[in-house]
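Q: What follows is target_16.txt, compact mmCIF, C-alpha atoms.
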```txt
# COMPACT_ATOMS: atom_id res chain seq x y z
CA MET A 47 -165.27 134.32 13.89
CA LYS A 48 -165.92 130.69 14.68
CA THR A 49 -164.10 128.03 12.73
CA ARG A 50 -165.84 125.20 10.91
CA LEU A 51 -164.96 122.84 13.74
CA THR A 52 -166.21 125.11 16.52
CA THR A 53 -169.56 125.64 14.89
CA VAL A 54 -170.00 121.96 14.11
CA LEU A 55 -169.44 121.12 17.75
CA LEU A 56 -172.04 123.70 18.76
CA ALA A 57 -174.52 122.30 16.24
CA ALA A 58 -173.96 118.81 17.56
CA ALA A 59 -174.46 119.98 21.12
CA PHE A 60 -177.59 122.06 20.61
CA GLY A 61 -179.17 120.90 17.35
CA GLY A 62 -180.27 117.39 18.26
CA GLY A 63 -183.02 117.90 20.83
CA GLY A 64 -186.59 116.76 20.55
CA VAL A 65 -188.48 113.50 20.37
CA THR A 66 -186.79 110.65 18.53
CA PRO A 67 -188.92 109.81 15.47
CA ALA A 68 -190.03 106.35 14.41
CA GLN A 69 -187.41 104.93 12.10
CA ALA A 70 -187.67 103.06 8.81
CA ILE A 71 -184.01 103.14 7.80
CA LEU A 72 -182.36 101.23 10.64
CA VAL A 73 -178.55 101.24 10.47
CA SER A 74 -176.31 98.55 12.00
CA PRO A 75 -172.58 99.40 12.04
CA ASP A 76 -170.46 96.78 10.25
CA ALA A 77 -166.74 97.04 9.50
CA VAL A 78 -166.30 93.70 7.70
CA GLY A 79 -166.10 93.84 3.91
CA ALA A 80 -167.43 90.32 3.39
CA SER A 81 -170.59 90.81 5.45
CA LEU A 82 -171.25 94.21 3.84
CA THR A 83 -171.00 92.61 0.42
CA THR A 84 -173.32 89.77 1.46
CA SER A 85 -175.94 92.31 2.54
CA LEU A 86 -175.48 94.33 -0.65
CA THR A 87 -176.02 91.33 -2.93
CA GLU A 88 -178.72 89.54 -0.90
CA GLY A 89 -181.51 88.36 -3.17
CA SER A 90 -179.65 89.33 -6.34
CA THR A 91 -179.12 87.17 -9.41
CA GLY A 92 -176.51 87.00 -12.16
CA LEU A 93 -173.57 88.09 -10.03
CA THR A 94 -171.04 86.08 -8.01
CA VAL A 95 -168.72 87.78 -5.53
CA VAL A 96 -165.12 86.56 -5.67
CA SER A 97 -163.67 88.76 -2.89
CA SER A 98 -164.20 92.05 -1.10
CA THR A 99 -162.09 94.51 0.91
CA LEU A 100 -163.16 97.40 3.12
CA SER A 101 -161.08 100.45 4.02
CA GLY A 102 -162.98 102.51 6.58
CA ASN A 103 -162.79 104.35 9.87
CA SER A 104 -163.72 103.70 13.48
CA SER A 105 -163.15 105.61 16.70
CA GLY A 106 -164.81 105.59 20.12
CA GLY A 107 -167.72 103.48 18.91
CA ALA A 108 -168.23 105.46 15.70
CA VAL A 109 -168.00 103.35 12.52
CA SER A 110 -168.05 104.63 8.92
CA SER A 111 -169.75 101.61 7.32
CA GLY A 112 -172.77 99.46 8.02
CA THR A 113 -175.88 97.73 6.79
CA TYR A 114 -179.43 99.05 6.87
CA THR A 115 -183.03 97.95 6.50
CA ASN A 116 -185.69 100.23 5.04
CA THR A 117 -189.18 98.98 5.81
CA SER A 118 -191.08 102.06 4.63
CA GLY A 119 -188.99 102.83 1.54
CA THR A 120 -187.39 106.14 2.56
CA TYR A 121 -185.81 107.69 -0.56
CA GLY A 122 -187.31 104.82 -2.61
CA ILE A 123 -184.31 102.57 -2.04
CA GLY A 124 -184.25 98.99 -0.79
CA PRO A 125 -182.14 97.56 2.05
CA GLY A 126 -178.38 97.42 1.62
CA ILE A 127 -175.25 99.10 2.95
CA VAL A 128 -174.32 102.60 4.04
CA LEU A 129 -170.86 104.15 3.62
CA SER A 130 -169.98 107.50 5.16
CA SER A 131 -167.17 109.91 5.97
CA GLY A 132 -168.77 110.02 9.44
CA ASP A 133 -170.57 107.66 11.80
CA VAL A 134 -173.23 105.66 9.94
CA SER A 135 -175.29 105.36 13.12
CA ASP A 136 -176.18 109.05 12.70
CA TYR A 137 -177.93 108.36 9.39
CA SER A 138 -180.99 106.32 10.16
CA ASP A 139 -184.13 108.07 8.94
CA GLY A 140 -185.94 110.78 10.85
CA SER A 141 -185.94 114.54 11.20
CA ASN A 142 -182.95 116.66 10.23
CA THR A 143 -182.17 118.09 13.66
CA ALA A 144 -178.58 119.31 13.21
CA THR A 145 -177.30 121.28 10.22
CA GLY A 146 -173.67 120.53 11.07
CA ASN A 147 -173.69 116.83 11.91
CA THR A 148 -170.17 115.40 11.91
CA THR A 149 -167.76 112.73 13.07
CA ASP A 150 -164.15 113.80 12.67
CA PHE A 151 -161.99 110.69 12.28
CA GLY A 152 -159.14 112.84 10.96
CA THR A 153 -157.79 110.10 8.68
CA PRO A 154 -156.00 111.32 5.51
CA ALA A 155 -156.60 109.57 2.20
CA THR A 156 -153.94 107.30 0.77
CA GLY A 157 -152.20 108.22 -2.46
CA ALA A 158 -154.30 105.69 -4.37
CA GLN A 159 -157.50 107.12 -2.90
CA GLU A 160 -156.45 110.66 -3.78
CA ALA A 161 -156.01 109.55 -7.39
CA LEU A 162 -159.58 108.22 -7.44
CA LEU A 163 -161.13 111.20 -5.68
CA ASP A 164 -159.38 114.13 -7.39
CA PRO A 165 -161.39 113.93 -10.65
CA ILE A 166 -164.64 113.67 -8.65
CA THR A 167 -164.04 116.70 -6.44
CA GLY A 168 -162.28 119.06 -8.82
CA GLY A 169 -158.66 118.04 -8.40
CA GLY A 170 -155.89 119.34 -6.18
CA PHE A 171 -157.67 119.04 -2.82
CA SER A 172 -156.76 116.77 0.07
CA HIS A 173 -159.28 114.16 1.18
CA PHE A 174 -160.06 112.71 4.58
CA ASP A 175 -162.14 110.08 6.36
CA VAL A 176 -162.41 107.94 3.23
CA THR A 177 -164.57 104.83 3.26
CA GLN A 178 -163.96 102.48 0.34
CA LEU A 179 -165.44 99.08 -0.46
CA ASP A 180 -163.77 97.07 -3.23
CA ILE A 181 -165.55 94.05 -4.71
CA ASP A 182 -164.28 91.55 -7.28
CA PHE A 183 -167.07 89.68 -9.05
CA THR A 184 -168.16 87.72 -12.09
CA SER A 185 -171.38 88.38 -13.99
CA SER A 186 -173.24 85.62 -15.81
CA THR A 187 -175.37 88.25 -17.57
CA GLY A 188 -172.50 90.50 -18.67
CA GLU A 189 -174.10 93.31 -16.67
CA VAL A 190 -174.07 94.85 -13.20
CA PHE A 191 -176.69 97.11 -11.61
CA PHE A 192 -177.06 98.91 -8.27
CA ASP A 193 -179.03 101.74 -6.66
CA VAL A 194 -177.47 104.66 -4.78
CA VAL A 195 -178.64 107.60 -2.67
CA PHE A 196 -176.04 110.33 -2.05
CA GLY A 197 -176.31 113.06 0.58
CA SER A 198 -174.16 115.48 2.54
CA GLU A 199 -174.04 117.83 5.50
CA GLU A 200 -171.93 120.20 3.37
CA PHE A 201 -175.03 121.25 1.39
CA ASP A 202 -175.90 123.95 0.72
CA GLU A 203 -173.67 126.49 2.42
CA TYR A 204 -170.43 124.98 1.10
CA VAL A 205 -171.50 124.60 -2.51
CA GLY A 206 -168.86 126.37 -4.58
CA SER A 207 -166.26 126.21 -1.81
CA THR A 208 -163.23 123.93 -1.42
CA PHE A 209 -165.26 121.48 0.71
CA ILE A 210 -166.48 119.46 -2.25
CA ASP A 211 -167.28 116.11 -0.63
CA GLY A 212 -167.93 113.42 -3.23
CA PHE A 213 -168.62 109.82 -4.15
CA GLY A 214 -167.28 107.53 -6.86
CA LEU A 215 -168.23 104.15 -8.38
CA PHE A 216 -165.33 102.61 -10.25
CA LEU A 217 -166.10 99.69 -12.55
CA ASN A 218 -162.83 98.14 -13.75
CA GLY A 219 -161.08 101.41 -12.90
CA THR A 220 -163.54 103.78 -14.61
CA ASN A 221 -165.84 106.03 -12.59
CA ILE A 222 -169.41 105.39 -13.78
CA ALA A 223 -171.01 107.64 -11.15
CA SER A 224 -172.10 110.47 -13.41
CA VAL A 225 -175.51 112.16 -13.17
CA GLY A 226 -176.47 114.43 -16.04
CA GLY A 227 -172.83 114.46 -17.12
CA SER A 228 -171.55 115.71 -13.75
CA PRO A 229 -169.71 113.79 -11.03
CA VAL A 230 -171.45 112.97 -7.76
CA ASN A 231 -170.45 115.68 -5.29
CA ILE A 232 -172.07 118.49 -3.31
CA ASN A 233 -171.69 120.93 -6.22
CA HIS A 234 -174.03 118.91 -8.42
CA PRO A 235 -176.90 121.14 -9.66
CA ASP A 236 -179.48 118.51 -8.68
CA MET A 237 -178.59 118.54 -4.98
CA ALA A 238 -181.69 119.53 -3.01
CA PHE A 239 -183.24 119.71 0.45
CA LEU A 240 -185.15 116.46 0.79
CA ALA A 241 -186.70 115.06 3.95
CA GLY A 242 -185.85 111.56 5.13
CA THR A 243 -182.65 111.52 7.20
CA GLU A 244 -180.25 113.76 9.11
CA LEU A 245 -178.50 114.66 5.84
CA ASP A 246 -178.96 118.30 4.79
CA GLY A 247 -178.89 117.73 1.04
CA ILE A 248 -179.65 114.81 -1.28
CA LEU A 249 -178.77 114.37 -4.97
CA ALA A 250 -182.23 114.06 -6.51
CA PRO A 251 -182.53 114.75 -10.27
CA GLY A 252 -186.15 115.46 -11.08
CA GLY A 253 -186.94 115.09 -7.40
CA ASP A 254 -186.00 111.38 -7.35
CA PRO A 255 -183.21 110.52 -4.89
CA ARG A 256 -182.74 106.95 -6.10
CA LEU A 257 -179.90 106.80 -8.66
CA THR A 258 -179.50 103.57 -10.64
CA PHE A 259 -176.05 102.92 -12.10
CA SER A 260 -175.07 100.06 -14.38
CA GLY A 261 -172.31 98.50 -16.43
CA THR A 262 -172.97 96.41 -19.51
CA GLY A 263 -170.99 94.39 -22.03
CA LEU A 264 -168.89 92.71 -19.34
CA ASP A 265 -166.94 89.60 -20.33
CA THR A 266 -168.70 86.75 -18.51
CA SER A 267 -165.47 84.72 -18.40
CA LEU A 268 -163.48 87.36 -16.49
CA THR A 269 -163.41 88.71 -12.95
CA HIS A 270 -164.33 92.38 -12.72
CA SER A 271 -163.73 95.02 -10.04
CA LEU A 272 -166.13 97.49 -8.48
CA SER A 273 -165.10 100.16 -5.97
CA PHE A 274 -167.41 102.41 -3.94
CA ILE A 275 -165.66 105.41 -2.35
CA VAL A 276 -166.89 108.40 -0.32
CA ALA A 277 -164.82 111.12 1.35
CA ASP A 278 -164.58 114.53 2.98
CA THR A 279 -162.69 117.12 0.95
CA SER A 280 -160.29 119.78 2.28
CA ASP A 281 -161.03 118.89 5.93
CA SER A 282 -162.40 115.98 7.96
CA ILE A 283 -165.68 117.43 9.22
CA LEU A 284 -169.31 117.61 8.02
CA ASP A 285 -170.28 114.10 6.93
CA THR A 286 -171.13 112.84 3.49
CA THR A 287 -173.04 109.57 3.26
CA THR A 288 -174.28 107.15 0.63
CA TYR A 289 -176.80 104.31 0.74
CA ILE A 290 -176.21 101.47 -1.74
CA ALA A 291 -178.64 98.68 -2.57
CA SER A 292 -179.55 95.89 -4.99
CA LEU A 293 -176.12 95.01 -6.38
CA GLY A 294 -176.64 92.28 -8.94
CA GLY A 295 -176.39 91.14 -12.55
CA THR A 296 -180.01 92.04 -13.26
CA THR A 297 -181.88 95.25 -12.52
CA THR A 298 -184.63 95.52 -9.93
CA SER A 299 -188.08 96.83 -10.83
CA PRO A 300 -188.40 100.59 -10.27
CA SER A 301 -190.33 101.63 -7.19
CA PRO A 302 -191.76 105.08 -6.48
CA SER A 303 -189.68 107.37 -4.30
CA PRO A 304 -191.51 109.01 -1.38
CA ILE A 305 -191.25 112.76 -1.99
CA PRO A 306 -192.52 115.43 0.43
CA GLU A 307 -195.59 117.43 -0.54
CA PRO A 308 -194.51 120.52 -2.54
CA GLY A 309 -195.56 122.89 0.21
CA SER A 310 -193.68 120.90 2.83
CA LEU A 311 -190.60 120.71 0.64
CA VAL A 312 -190.58 124.46 0.08
CA LEU A 313 -191.02 125.18 3.79
CA MET A 314 -188.30 122.72 4.69
CA GLY A 315 -185.96 124.25 2.13
CA LEU A 316 -186.58 127.75 3.42
CA GLY A 317 -186.04 126.64 7.00
CA LEU A 318 -182.79 124.85 6.26
CA ALA A 319 -181.64 127.70 4.04
CA GLY A 320 -182.08 130.04 7.00
CA LEU A 321 -180.06 127.72 9.22
CA GLY A 322 -177.44 127.50 6.51
CA ALA A 323 -177.19 131.27 6.27
CA THR A 324 -176.49 131.38 10.00
CA ARG A 325 -173.79 128.77 9.60
CA ARG A 326 -172.21 130.68 6.71
CA ARG A 327 -171.86 133.76 8.89
CA LYS A 328 -170.27 131.73 11.64
CA ARG A 329 -168.03 129.51 9.56
CA PRO A 330 -165.76 131.09 6.95
CA GLN A 331 -164.67 129.07 3.97
CA ALA A 332 -161.10 127.91 3.74
CA ALA A 333 -158.77 129.99 1.66
```
What would you get if you wrote out this structure as C-alpha cells?

A:
Amino acid sequence: MKTRLTTVLLAAAFGGGGVTPAQAILVSPDAVGASLTTSLTEGSTGLTVVSSTLSGNSSGGAVSSGTYTNTSGTYGIGPGIVLSSGDVSDYSDGSNTATGNTTDFGTPATGAQEALLDPITGGGFSHFDVTQLDIDFTSSTGEVFFDVVFGSEEFDEYVGSTFIDGFGLFLNGTNIASVGGSPVNINHPDMAFLAGTELDGILAPGGDPRLTFSGTGLDTSLTHSLSFIVADTSDSILDTTTYIASLGGTTTSPSPSPIPEPGSLVLMGLGLAGLGATRRRKRPQAA
C-alpha cells in the first residue's frame, strides 16, 4: 500500500491540471514578523503593537507565512495575513484541484510549541512545520478582536486519526480559539467542504467560515501578548492553513460570507468525498 507521502506526491503531480482561475485572494509570501503585523493591523483602531516575532518555515522558495488581499470577499474575510504548515502561495483562491496538497518542510516543533499545541490536538502527538506569530500590544479600549478562517488538507479522510492538525490563539497565555466549546482542529464537528481555495475542508459553523475571536477586560495600562500558531500533527505533510484579518481594539462590522448554492455544495462534497475515499484506500493511517 502507498504511504501518506507517496500518495501526496502523486496528488501533487496529477491533481493540479486545468485552467488557472481568476483569483480574489492573492497571497504574497512574507517571512518578516513586523511587516506581517503591520498588514494584520492596517486600518485598525484601539490597538498599538509593541513588538512582534515570527517563527516559520522556508525551503526552495516555499514560505509558510504571507499577506493577502481579498477583493471579492472569499470566505467573507477581509485582507490580512496567512499562516500555514505548508507553502502559503498554494492557498490563493480558486478551484480545489488537489486533494493531497502539501509542502513538507520537515521541521519539528520546539518544546514550547509542543506545550501550546498538545491541548489543541489531543495531547501526546508530535508536531511539525509550525508557524507561529507572537505579538505584544497595548489596547486603549481594553479589548482585542480579529477574524480567522481555518482550513486543512487533512479533512475529511483523516478525521479521527492521529493527524489532528490544529490552530491556536493564545491571549496572555490562554487559548481563546474555541468554537462551540471545541478546539480548532480537523476533528471539529463543524468542518465542512466549502468552495473558495485549494483547502479541502473549512471550519464553518452554521455554514459561515469567518470566525471572530475577541478578548475583553484587558488592562489598558499593561502590555499584552497574542500568539497565533498552526501546525501539522504526527507527520509533516498535508497542509493546514489559516487566514487572519482585522486585528484591532474595536470590532469590524459583520459582512456576509459567500456560500455556494446548496446544490453546488452538495455536489462538491460528494465529489471530494469520493476523492477522499480513494485516498483512504491508498494511504493507511499511522498506528

Q: Need the shell around region 87-104 of chain A: protein/DNA/RNA residues with any atom at most 10 Å away, counting all atoms listed in the file. Skip same-chain ones fewer than 5 positions apart. Format as an NGL selection string?

A: :A and (75 or 77-82 or 109-111 or 125-127 or 129-133 or 149-153 or 175-192 or 266 or 269-276 or 291-298)

Q: For Arg256 (chain A), which of A:Asp139, A:Asp193, A:Asp164, A:Asp202 is the closest residue, counting all atoms listed in the file?

A: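 Of A:Asp139, A:Asp193, A:Asp164, A:Asp202, the one nearest Arg256 (chain A) is A:Asp193, counting all atoms listed in the file.
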
Q: How many Å separate CA of Ser141 (chain A) from CA of Gly253 (chain A)?

A: 18.6 Å

Q: Which is closer to Gly169 (chain A) than all the others in A:Ala155, A:Ile210, A:Ile248, A:Val205, using all atoms listed in the file?

A: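 Smallest separation from Gly169 (chain A) among the options: A:Ile210.
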
Q: For CA of Leu163 (chain A) and CA of Ala108 (chain A), quote the distance in Å rounded to one decimal.

A: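 We find that CA of Leu163 (chain A) and CA of Ala108 (chain A) lie 23.2 Å from each other.
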
Q: State, in Å with one decimal place, the distance from CA of Gly112 (chain A) to CA of Phe259 (chain A).

A: 20.7 Å

Q: Determine the nearest neighbour of Phe209 (chain A) from the options A:Ile232, A:Met237, A:Leu86, A:Val194, counting only C-alpha atoms.

A: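 Checking each of A:Ile232, A:Met237, A:Leu86, A:Val194 against Phe209 (chain A), counting only C-alpha atoms, the winner is A:Ile232.
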
Q: For Gly122 (chain A), which residue among A:Val195, A:Val225, A:Val134, A:Leu245 is the nearest when counting all atoms listed in the file?

A: A:Val195

Q: From the set A:Thr113, A:Gly107, A:Thr145, A:Thr208, which residue has the shortest atom-to-atom contact distance to Asp281 (chain A), counting only C-alpha atoms?

A: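 Smallest distance to Asp281 (chain A) is found for A:Thr208.
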
Q: To box region 251-258 of chain A, take all atoms listed in the file, fit an axis-aligned box, add 4 Å on each side, and give centre and edge lengths in Å to one decimal, as lines of an AutoDock Vina configuration file.

A:
```
center_x = -183.2
center_y = 109.5
center_z = -8.0
size_x = 15.4
size_y = 19.9
size_z = 14.2
```

Q: Of the candidates A:Gly226, A:Gly140, A:Pro154, A:Gly219, which shows the shortest atom-to-atom distance to Asp278 (chain A), using only C-alpha atoms?

A: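 So, comparing all the options, the nearest one is A:Pro154.
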
Q: List the neighbours of Phe213 (chain A) out to 9 Å using only C-alpha atoms; skip same-chain residues closer than 2 positions along the sequence, and give me the result as an mmCIF file with C-alpha atoms, keeping the file's coordinate frame.

A:
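After the write, selection.cif holds the following:
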```cif
data_model
loop_
_atom_site.group_PDB
_atom_site.id
_atom_site.type_symbol
_atom_site.label_atom_id
_atom_site.label_comp_id
_atom_site.auth_asym_id
_atom_site.auth_seq_id
_atom_site.Cartn_x
_atom_site.Cartn_y
_atom_site.Cartn_z
ATOM 1 C CA LEU A 163 -161.130 111.200 -5.680
ATOM 2 C CA ILE A 166 -164.640 113.670 -8.650
ATOM 3 C CA THR A 167 -164.040 116.700 -6.440
ATOM 4 C CA PHE A 196 -176.040 110.330 -2.050
ATOM 5 C CA ASP A 211 -167.280 116.110 -0.630
ATOM 6 C CA LEU A 215 -168.230 104.150 -8.380
ATOM 7 C CA ALA A 223 -171.010 107.640 -11.150
ATOM 8 C CA PRO A 229 -169.710 113.790 -11.030
ATOM 9 C CA VAL A 230 -171.450 112.970 -7.760
ATOM 10 C CA ASN A 231 -170.450 115.680 -5.290
ATOM 11 C CA PHE A 274 -167.410 102.410 -3.940
ATOM 12 C CA ILE A 275 -165.660 105.410 -2.350
ATOM 13 C CA VAL A 276 -166.890 108.400 -0.320
ATOM 14 C CA ALA A 277 -164.820 111.120 1.350
ATOM 15 C CA THR A 286 -171.130 112.840 3.490
ATOM 16 C CA THR A 287 -173.040 109.570 3.260
ATOM 17 C CA THR A 288 -174.280 107.150 0.630
#
```
